[in-house]
$ cat model.cif   # mmCIF, C-alpha atoms
data_structure
#
loop_
_atom_site.group_PDB
_atom_site.id
_atom_site.type_symbol
_atom_site.label_atom_id
_atom_site.label_comp_id
_atom_site.auth_asym_id
_atom_site.auth_seq_id
_atom_site.Cartn_x
_atom_site.Cartn_y
_atom_site.Cartn_z
ATOM 1 C CA MET E 1 16.094 -17.087 78.737
ATOM 2 C CA ILE E 2 18.268 -19.684 77.065
ATOM 3 C CA ASN E 3 17.404 -23.320 77.634
ATOM 4 C CA ILE E 4 20.448 -24.518 79.584
ATOM 5 C CA ASN E 5 19.023 -28.049 79.763
ATOM 6 C CA LYS E 6 18.977 -28.245 75.963
ATOM 7 C CA ALA E 7 22.610 -27.102 75.986
ATOM 8 C CA ARG E 8 23.489 -29.878 78.447
ATOM 9 C CA GLU E 9 21.700 -32.412 76.250
ATOM 10 C CA ILE E 10 23.589 -31.440 73.085
ATOM 11 C CA LEU E 11 26.980 -30.812 74.690
ATOM 12 C CA GLU E 12 26.997 -33.639 77.213
ATOM 13 C CA GLY E 13 30.220 -35.626 77.360
ATOM 14 C CA LEU E 14 32.247 -33.190 75.252
ATOM 15 C CA GLU E 15 35.523 -31.525 76.220
ATOM 16 C CA LEU E 16 34.374 -27.909 76.176
ATOM 17 C CA LYS E 17 37.351 -26.159 77.766
ATOM 18 C CA GLY E 18 39.063 -25.754 74.411
ATOM 19 C CA VAL E 19 36.160 -23.689 73.086
ATOM 20 C CA LYS E 20 36.354 -20.061 74.149
ATOM 21 C CA VAL E 21 33.248 -17.897 74.204
ATOM 22 C CA ARG E 22 33.792 -14.129 74.242
ATOM 23 C CA ILE E 23 30.763 -11.933 74.829
ATOM 24 C CA LEU E 24 31.348 -8.294 73.879
ATOM 25 C CA ASN E 25 29.217 -5.295 74.796
ATOM 26 C CA PRO E 26 26.211 -7.628 75.042
ATOM 27 C CA THR E 27 22.534 -6.915 74.650
ATOM 28 C CA ALA E 28 20.320 -8.211 77.468
ATOM 29 C CA GLU E 29 19.584 -11.340 75.385
ATOM 30 C CA MET E 30 23.286 -11.957 74.761
ATOM 31 C CA ARG E 31 24.020 -11.814 78.489
ATOM 32 C CA GLU E 32 22.021 -15.005 78.865
ATOM 33 C CA PHE E 33 24.807 -16.866 77.087
ATOM 34 C CA LEU E 34 27.108 -16.225 80.043
ATOM 35 C CA ARG E 35 25.322 -19.237 81.529
ATOM 36 C CA LEU E 36 27.313 -21.483 79.196
ATOM 37 C CA SER E 37 30.025 -21.264 81.839
ATOM 38 C CA GLU E 38 27.806 -23.565 83.934
ATOM 39 C CA LEU E 39 28.766 -26.330 81.485
ATOM 40 C CA GLY E 40 32.479 -25.826 82.056
ATOM 41 C CA MET E 41 33.063 -23.591 79.053
ATOM 42 C CA ASP E 42 35.565 -20.724 79.002
ATOM 43 C CA VAL E 43 33.201 -17.728 78.841
ATOM 44 C CA GLU E 44 34.434 -14.134 79.134
ATOM 45 C CA LEU E 45 32.572 -10.841 79.229
ATOM 46 C CA GLU E 46 34.514 -8.094 77.440
ATOM 47 C CA GLU E 47 34.146 -4.558 76.176
ATOM 48 C CA GLY E 48 33.678 -4.041 72.453
ATOM 49 C CA GLU E 49 32.341 -1.628 69.873
ATOM 50 C CA GLU E 50 29.530 -3.878 68.671
ATOM 51 C CA PRO E 51 27.449 -6.451 70.551
ATOM 52 C CA ALA E 52 28.887 -9.865 69.730
ATOM 53 C CA ILE E 53 29.209 -13.477 70.777
ATOM 54 C CA ILE E 54 32.486 -14.903 69.488
ATOM 55 C CA LEU E 55 33.356 -18.589 69.348
ATOM 56 C CA GLU E 56 37.059 -19.439 69.101
ATOM 57 C CA LYS E 57 39.220 -22.533 69.020
ATOM 58 C CA SER E 58 42.648 -23.193 67.482
ATOM 59 C CA GLY E 59 42.481 -20.305 65.017
ATOM 60 C CA ILE E 60 38.816 -20.817 64.212
ATOM 61 C CA ARG E 61 36.761 -17.671 64.777
ATOM 62 C CA ILE E 62 32.986 -17.375 64.346
ATOM 63 C CA VAL E 63 31.422 -14.027 65.208
ATOM 64 C CA TYR E 64 27.748 -13.566 66.014
ATOM 65 C CA ASN E 65 26.547 -9.970 65.824
ATOM 66 C CA ALA E 66 23.220 -11.581 66.512
ATOM 67 C CA VAL E 67 21.415 -13.466 69.254
ATOM 68 C CA PRO E 68 21.374 -17.186 68.388
ATOM 69 C CA ALA E 69 17.996 -17.798 69.994
ATOM 70 C CA GLN E 70 14.772 -19.541 68.975
ATOM 71 C CA MET E 71 15.355 -21.366 65.655
ATOM 72 C CA GLU E 72 19.059 -20.448 65.736
ATOM 73 C CA TYR E 73 19.716 -21.773 69.250
ATOM 74 C CA GLU E 74 20.157 -25.488 68.570
ATOM 75 C CA PRO E 75 22.298 -24.901 65.442
ATOM 76 C CA PHE E 76 24.464 -22.619 67.622
ATOM 77 C CA LEU E 77 24.871 -25.409 70.174
ATOM 78 C CA ARG E 78 25.693 -27.899 67.416
ATOM 79 C CA THR E 79 28.386 -25.491 66.227
ATOM 80 C CA ILE E 80 29.928 -25.529 69.718
ATOM 81 C CA ALA E 81 29.758 -29.342 69.673
ATOM 82 C CA ARG E 82 31.575 -29.454 66.330
ATOM 83 C CA LEU E 83 34.225 -27.075 67.650
ATOM 84 C CA ALA E 84 34.684 -29.282 70.714
ATOM 85 C CA ARG E 85 35.092 -32.361 68.511
ATOM 86 C CA SER E 86 37.209 -30.493 65.923
ATOM 87 C CA ASN E 87 34.921 -32.020 63.302
ATOM 88 C CA SER E 88 33.030 -29.834 60.856
ATOM 89 C CA ASN E 89 30.847 -32.647 59.456
ATOM 90 C CA LEU E 90 31.268 -31.206 55.961
ATOM 91 C CA LYS E 91 31.047 -33.643 53.069
ATOM 92 C CA GLU E 92 34.438 -35.067 52.111
ATOM 93 C CA GLU E 93 34.362 -33.580 48.606
ATOM 94 C CA ASN E 94 33.585 -30.131 50.049
ATOM 95 C CA LEU E 95 36.418 -30.406 52.581
ATOM 96 C CA LYS E 96 38.820 -30.946 49.705
ATOM 97 C CA LYS E 97 37.332 -28.112 47.673
ATOM 98 C CA ILE E 98 37.859 -25.428 50.323
ATOM 99 C CA ALA E 99 41.150 -26.765 51.713
ATOM 100 C CA ASP E 100 43.233 -23.983 50.130
ATOM 101 C CA CYS E 101 40.630 -21.210 50.261
ATOM 102 C CA ASN E 102 40.730 -17.888 52.099
ATOM 103 C CA ALA E 103 37.523 -15.936 52.548
ATOM 104 C CA GLU E 104 35.485 -13.614 54.716
ATOM 105 C CA VAL E 105 31.875 -14.737 54.830
ATOM 106 C CA VAL E 106 29.109 -12.595 56.309
ATOM 107 C CA VAL E 107 25.664 -14.141 56.744
ATOM 108 C CA PHE E 108 22.960 -11.519 57.193
ATOM 109 C CA VAL E 109 19.998 -12.837 59.170
ATOM 110 C CA ALA E 110 16.786 -11.509 60.674
ATOM 111 C CA PRO E 111 14.660 -12.534 63.659
ATOM 112 C CA PHE E 112 12.124 -15.275 62.915
ATOM 113 C CA CYS E 113 13.718 -15.961 59.511
ATOM 114 C CA PRO E 114 12.742 -19.562 58.611
ATOM 115 C CA HIS E 115 15.773 -20.237 56.393
ATOM 116 C CA CYS E 116 18.556 -18.330 58.181
ATOM 117 C CA ALA E 117 19.510 -20.990 60.733
ATOM 118 C CA LYS E 118 20.285 -23.550 58.023
ATOM 119 C CA VAL E 119 22.577 -21.207 56.097
ATOM 120 C CA VAL E 120 24.309 -20.060 59.287
ATOM 121 C CA GLU E 121 24.988 -23.647 60.342
ATOM 122 C CA ILE E 122 26.491 -24.474 56.947
ATOM 123 C CA ALA E 123 28.711 -21.365 57.079
ATOM 124 C CA ASN E 124 29.860 -22.344 60.571
ATOM 125 C CA LYS E 125 30.760 -25.841 59.376
ATOM 126 C CA ILE E 126 32.922 -24.270 56.679
ATOM 127 C CA ALA E 127 34.666 -22.038 59.239
ATOM 128 C CA ILE E 128 35.429 -25.076 61.404
ATOM 129 C CA ALA E 129 36.736 -27.008 58.402
ATOM 130 C CA ASN E 130 39.123 -24.207 57.376
ATOM 131 C CA PRO E 131 40.254 -21.543 59.897
ATOM 132 C CA LYS E 132 41.344 -19.311 56.985
ATOM 133 C CA ILE E 133 37.647 -18.796 56.240
ATOM 134 C CA LYS E 134 36.240 -16.299 58.728
ATOM 135 C CA VAL E 135 32.489 -16.315 59.324
ATOM 136 C CA ARG E 136 30.382 -13.536 60.763
ATOM 137 C CA ILE E 137 26.643 -13.698 61.405
ATOM 138 C CA VAL E 138 24.921 -10.307 61.411
ATOM 139 C CA ASP E 139 21.382 -9.522 62.499
ATOM 140 C CA VAL E 140 20.367 -6.664 60.197
ATOM 141 C CA SER E 141 18.044 -5.304 62.881
ATOM 142 C CA LEU E 142 21.019 -5.042 65.257
ATOM 143 C CA LEU E 143 23.607 -3.591 62.850
ATOM 144 C CA THR E 144 21.403 -1.617 60.478
ATOM 145 C CA LYS E 145 24.217 0.481 58.983
ATOM 146 C CA LEU E 146 26.136 -2.609 57.885
ATOM 147 C CA GLY E 147 22.963 -3.975 56.283
ATOM 148 C CA GLU E 148 22.471 -0.667 54.457
ATOM 149 C CA ARG E 149 26.089 -0.666 53.297
ATOM 150 C CA PHE E 150 25.603 -3.970 51.505
ATOM 151 C CA GLY E 151 22.059 -3.188 50.362
ATOM 152 C CA ILE E 152 20.523 -6.059 52.324
ATOM 153 C CA THR E 153 16.790 -6.271 51.670
ATOM 154 C CA SER E 154 16.057 -9.877 52.609
ATOM 155 C CA ALA E 155 17.411 -12.672 54.771
ATOM 156 C CA PRO E 156 19.353 -14.797 54.582
ATOM 157 C CA THR E 157 21.888 -13.005 52.417
ATOM 158 C CA VAL E 158 25.507 -14.184 52.250
ATOM 159 C CA VAL E 159 28.291 -11.767 51.284
ATOM 160 C CA ILE E 160 31.682 -13.278 50.405
ATOM 161 C CA ASN E 161 34.786 -11.063 50.483
ATOM 162 C CA GLY E 162 32.595 -7.973 50.415
ATOM 163 C CA GLU E 163 31.705 -8.572 46.748
ATOM 164 C CA ILE E 164 29.728 -11.722 46.054
ATOM 165 C CA LYS E 165 26.168 -11.351 47.361
ATOM 166 C CA LEU E 166 23.975 -14.454 47.439
ATOM 167 C CA VAL E 167 20.326 -14.021 48.378
ATOM 168 C CA GLY E 168 18.139 -16.787 49.801
ATOM 169 C CA GLU E 169 18.673 -20.280 51.140
ATOM 170 C CA LEU E 170 21.843 -22.046 50.017
ATOM 171 C CA SER E 171 22.838 -25.692 50.212
ATOM 172 C CA GLU E 172 26.224 -26.818 51.516
ATOM 173 C CA ASN E 173 27.376 -27.544 47.958
ATOM 174 C CA GLU E 174 26.285 -24.108 46.720
ATOM 175 C CA LEU E 175 28.001 -22.123 49.481
ATOM 176 C CA VAL E 176 31.190 -24.170 49.193
ATOM 177 C CA GLU E 177 31.176 -23.681 45.416
ATOM 178 C CA TRP E 178 30.892 -19.884 45.702
ATOM 179 C CA ILE E 179 33.674 -19.716 48.298
ATOM 180 C CA TYR E 180 35.799 -21.802 45.943
ATOM 181 C CA ARG E 181 34.989 -19.489 43.026
ATOM 182 C CA ALA E 182 35.776 -16.438 45.169
ATOM 183 C CA ASN E 183 39.352 -17.722 45.313
ATOM 184 C CA SER E 184 39.667 -17.798 41.519
ATOM 185 C CA GLU E 185 38.092 -16.073 38.516
ATOM 186 C CA TYR E 186 34.474 -15.721 39.577
ATOM 187 C CA LYS E 187 33.125 -12.596 37.880
ATOM 188 C CA PHE E 188 31.734 -14.366 34.806
ATOM 189 C CA ASP E 189 29.681 -16.897 36.772
ATOM 190 C CA TYR E 190 28.648 -14.269 39.315
ATOM 191 C CA PHE E 191 27.500 -11.767 36.674
ATOM 192 C CA VAL E 192 25.547 -14.501 34.874
ATOM 193 C CA THR E 193 23.834 -15.405 38.149
ATOM 194 C CA LEU E 194 22.946 -11.782 38.921
ATOM 195 C CA LEU E 195 21.698 -11.013 35.416
ATOM 196 C CA ARG E 196 19.687 -14.225 35.257
ATOM 197 C CA ASP E 197 17.991 -13.127 38.491
ATOM 198 C CA GLY E 198 17.296 -9.634 37.169
ATOM 199 C CA ARG E 199 19.809 -7.957 39.519
ATOM 200 C CA ILE E 200 21.150 -5.639 36.824
ATOM 201 C CA ASP E 201 21.750 -2.680 39.129
ATOM 202 C CA GLU E 202 24.076 -4.766 41.302
ATOM 203 C CA VAL E 203 26.247 -5.608 38.300
ATOM 204 C CA MET E 204 26.279 -1.943 37.309
ATOM 205 C CA GLU E 205 27.414 -1.000 40.807
ATOM 206 C CA ILE E 206 30.325 -3.448 40.577
ATOM 207 C CA ILE E 207 31.343 -2.113 37.162
ATOM 208 C CA SER E 208 31.134 1.490 38.367
ATOM 209 C CA LYS E 209 33.781 0.596 40.967
ATOM 210 C CA LYS E 210 35.864 -1.571 38.608
ATOM 211 C CA PRO E 211 35.311 -0.412 34.999
ATOM 212 C CA GLU E 212 37.622 -3.146 33.702
ATOM 213 C CA ASP E 213 34.924 -5.671 34.630
ATOM 214 C CA VAL E 214 32.913 -4.461 31.630
ATOM 215 C CA GLU E 215 34.967 -6.992 29.654
ATOM 216 C CA VAL E 216 32.929 -9.742 31.327
ATOM 217 C CA LEU E 217 29.747 -8.381 29.736
ATOM 218 C CA GLY E 218 31.184 -9.007 26.283
ATOM 219 C CA GLU E 219 32.019 -12.580 27.274
ATOM 220 C CA ILE E 220 28.476 -13.167 28.535
ATOM 221 C CA LEU E 221 27.135 -12.531 25.036
ATOM 222 C CA ASP E 222 28.869 -15.775 24.048
ATOM 223 C CA GLN E 223 26.927 -17.999 26.452
ATOM 224 C CA PRO E 224 23.468 -19.593 26.195
ATOM 225 C CA GLU E 225 21.613 -17.952 29.124
ATOM 226 C CA LEU E 226 19.123 -15.637 27.373
ATOM 227 C CA MET E 227 18.311 -13.410 30.362
ATOM 228 C CA ALA E 228 22.003 -12.968 31.085
ATOM 229 C CA ARG E 229 22.678 -11.948 27.466
ATOM 230 C CA ILE E 230 19.816 -9.460 27.519
ATOM 231 C CA GLY E 231 21.027 -8.026 30.819
ATOM 232 C CA ALA E 232 24.568 -7.747 29.483
ATOM 233 C CA MET E 233 23.364 -5.777 26.460
ATOM 234 C CA ILE E 234 21.335 -3.416 28.659
ATOM 235 C CA LEU E 235 24.394 -2.796 30.802
ATOM 236 C CA LEU E 236 26.690 -2.277 27.832
ATOM 237 C CA GLU E 237 24.369 0.499 26.667
ATOM 238 C CA ARG E 238 24.433 2.055 30.133
ATOM 239 C CA VAL E 239 28.211 1.933 30.309
ATOM 240 C CA PHE E 240 28.490 3.445 26.810
ATOM 241 C CA ARG E 241 26.197 6.279 27.888
ATOM 242 C CA ASP E 242 27.997 6.974 31.180
ATOM 243 C CA LYS E 243 31.624 5.995 30.439
ATOM 244 C CA PRO E 244 32.055 5.470 26.683
ATOM 245 C CA GLU E 245 35.825 5.066 26.992
ATOM 246 C CA ALA E 246 35.344 1.992 29.210
ATOM 247 C CA ILE E 247 33.422 0.079 26.545
ATOM 248 C CA GLU E 248 36.404 -0.720 24.309
ATOM 249 C CA ILE E 249 37.587 -3.755 26.266
ATOM 250 C CA ALA E 250 34.143 -5.346 25.869
ATOM 251 C CA LYS E 251 34.062 -4.599 22.147
ATOM 252 C CA ARG E 252 36.992 -6.928 21.488
ATOM 253 C CA LYS E 253 34.804 -9.926 22.294
ATOM 254 C CA ILE E 254 31.817 -8.451 20.471
ATOM 255 C CA ARG E 255 33.851 -8.076 17.276
ATOM 256 C CA GLU E 256 34.827 -11.753 17.533
ATOM 257 C CA LEU E 257 31.162 -12.734 17.858
ATOM 258 C CA LEU E 258 30.308 -10.852 14.662
ATOM 259 C CA LEU E 259 32.195 -13.571 12.813
ATOM 260 C CA SER E 260 30.519 -16.438 14.684
ATOM 261 C CA ASP E 261 28.947 -19.297 12.743
ATOM 262 C CA ASP E 262 26.079 -19.075 15.231
ATOM 263 C CA SER E 263 23.649 -16.650 13.585
ATOM 264 C CA VAL E 264 21.999 -15.698 16.899
ATOM 265 C CA LYS E 265 25.352 -14.677 18.390
ATOM 266 C CA ALA E 266 26.254 -12.751 15.245
ATOM 267 C CA GLN E 267 22.898 -10.940 15.335
ATOM 268 C CA ASP E 268 23.281 -10.095 19.033
ATOM 269 C CA ALA E 269 26.796 -8.788 18.409
ATOM 270 C CA ALA E 270 25.613 -6.647 15.506
ATOM 271 C CA PHE E 271 22.667 -5.352 17.529
ATOM 272 C CA ILE E 272 24.756 -4.248 20.501
ATOM 273 C CA LEU E 273 27.516 -2.862 18.293
ATOM 274 C CA GLY E 274 24.861 -0.656 16.739
ATOM 275 C CA LYS E 275 24.172 0.698 20.218
ATOM 276 C CA ILE E 276 27.768 1.176 21.373
ATOM 277 C CA GLY E 277 29.854 1.158 18.191
ATOM 278 C CA ARG E 278 31.671 3.937 16.380
ATOM 279 C CA LYS E 279 32.447 4.570 12.717
ATOM 280 C CA GLU E 280 35.619 2.446 12.927
ATOM 281 C CA ASP E 281 33.373 -0.558 13.626
ATOM 282 C CA ILE E 282 31.415 -0.151 10.392
ATOM 283 C CA PRO E 283 33.849 -2.026 8.059
ATOM 284 C CA LEU E 284 33.484 -5.190 10.139
ATOM 285 C CA LEU E 285 29.703 -4.854 10.096
ATOM 286 C CA GLN E 286 29.792 -4.376 6.348
ATOM 287 C CA LYS E 287 31.309 -7.837 5.976
ATOM 288 C CA LEU E 288 28.104 -9.261 7.462
ATOM 289 C CA LEU E 289 26.136 -7.761 4.591
ATOM 290 C CA GLU E 290 27.522 -10.665 2.544
ATOM 291 C CA SER E 291 26.169 -13.274 4.981
ATOM 292 C CA ARG E 292 23.892 -16.034 3.656
ATOM 293 C CA ASP E 293 21.611 -15.440 6.642
ATOM 294 C CA SER E 294 19.081 -12.705 5.883
ATOM 295 C CA GLU E 295 18.549 -11.919 9.581
ATOM 296 C CA VAL E 296 22.278 -11.425 10.107
ATOM 297 C CA ARG E 297 22.396 -9.113 7.086
ATOM 298 C CA GLU E 298 19.459 -7.120 8.401
ATOM 299 C CA ALA E 299 20.983 -6.822 11.894
ATOM 300 C CA ALA E 300 24.241 -5.574 10.392
ATOM 301 C CA ARG E 301 22.422 -3.075 8.156
ATOM 302 C CA GLU E 302 20.481 -1.648 11.092
ATOM 303 C CA ALA E 303 23.631 -1.421 13.214
ATOM 304 C CA ILE E 304 25.485 0.482 10.474
ATOM 305 C CA ASN E 305 22.592 2.922 10.107
ATOM 306 C CA GLU E 306 22.435 3.446 13.859
ATOM 307 C CA ILE E 307 26.167 4.159 14.144
ATOM 308 C CA GLU E 308 26.059 6.565 11.189
ATOM 309 C CA GLU E 309 23.085 8.442 12.647
ATOM 310 C CA ARG E 310 24.787 8.711 16.027
ATOM 311 C CA ASP E 311 27.988 9.915 14.342
ATOM 312 C CA LYS E 312 26.040 12.653 12.550
ATOM 313 C CA GLU E 313 24.446 13.800 15.786
ATOM 314 C CA THR E 314 27.854 13.898 17.490
ATOM 315 C CA PHE E 315 29.273 15.946 14.595
ATOM 316 C CA LEU E 316 26.372 18.432 14.783
ATOM 317 C CA ILE E 317 26.869 18.901 18.503
#
$ encode --input "model.cif" --output "structure tokens"
Amino acid sequence: MININKAREILEGLELKGVKVRILNPTAEMREFLRLSELGMDVELEEGEEPAIILEKSGIRIVYNAVPAQMEYEPFLRTIARLARSNSNLKEENLKKIADCNAEVVVFVAPFCPHCAKVVEIANKIAIANPKIKVRIVDVSLLTKLGERFGITSAPTVVINGEIKLVGELSENELVEWIYRANSEYKFDYFVTLLRDGRIDEVMEIISKKPEDVEVLGEILDQPELMARIGAMILLERVFRDKPEAIEIAKRKIRELLLSDDSVKAQDAAFILGKIGRKEDIPLLQKLLESRDSEVREAAREAINEIEERDKETFLI
């Protein structure tokens, strides 16, 4: 049972007729939300493929494939209140940041999740602030196939535009920032985040769908995050093993790094070129044999030997 008295308390004095509530193919728990009509709201029961509670007003659309009960109930009511007031309560700087953004945001939640309600409420604020940003809240226990499609293993998980997957609790600033990035060049920052968190397989899955994104791995070798650089090198080896023709666009950046004044970057570039390079890469490596840095010289020497050995094996096959 929903607490209709709590709803009255939070929504008292607001003009609720402008907020439309559509309840599609409801579960027994969702049917309880038909009682919102007692507060003067426009509530309709409709047929639909998936159980849903949909909040709409002036182009704003927030879809719940979930039951906003227990910890999620009051945030749900506050969302209705914000819709009624046409006020998202987002920070001013975040309002400006998402003003020109388009996005589809799916927040995957689970029953009794202690952090889900906070992330859902932030996502709903964003949807109210910008109707071009569509928000959907999905209970993975209700729509299991959708959870499996996106590989959801924990809640909350936010998926932006079907590509960016953010796991765990997010602040308002963090979610706004990722929506903003999703409307520009985001792959570098996203790959760094995934690799830093050890989510190498997720990056590999993205690259398997868009091989041109392997170029980003070469760029990551030029940044200071150690775990990201290590992850990028592991993935470059995987790509070379599975799709050797795709590696060339990443090698352009790697060849640049061979000439870096930063000895660590030069060593990393030589190391990975040894793993993915071909005989045409050897002349550039040979230039490093004249380096003043003994470790750079050694890395180049080992890379040359590795490429030559691999070339011999290829010739024998």
$ closest_residue --input "model.cif" --among "E:Lys97, E:Arg199, E:Lys251, E:Arg241" --to "Met227 (chain E)" --atoms "all atoms listed in the file"
E:Arg199
$ resolve_selection --input "model.cif" --expression "the PyMOL selection byres ((chain E and resi 213) around 12)" --output "MDAnalysis selection string"
chainID E and resid 185:188 190:191 203:212 214:220 232 235:236 239 246:250
$ resolve_selection --input "model.cif" --expression "the PyMOL selection byres ((chain E and resi 69) around 10)" --output "JSON, numbers by chain"
{"E": [1, 2, 3, 29, 30, 33, 66, 67, 68, 70, 71, 72, 73, 74, 75, 76, 111, 112, 117]}
$ atom_distance --input "model.cif" --atom1 "CA of Ile62 (chain E)" --atom2 "CA of Thr153 (chain E)"
23.4 Å
$ atom_distance --input "model.cif" --atom1 "CA of Leu45 (chain E)" --atom2 "CA of Thr79 (chain E)"
20.0 Å
$ residues_around --input "model.cif" --residues "Phe150 (chain E)" --least-positions-apart "3" --cutoff "10 Å" --atoms "all atoms listed in the file" --output "PyMOL selection string"
chain E and resi 108+145-147+153+157+159+162-163+165
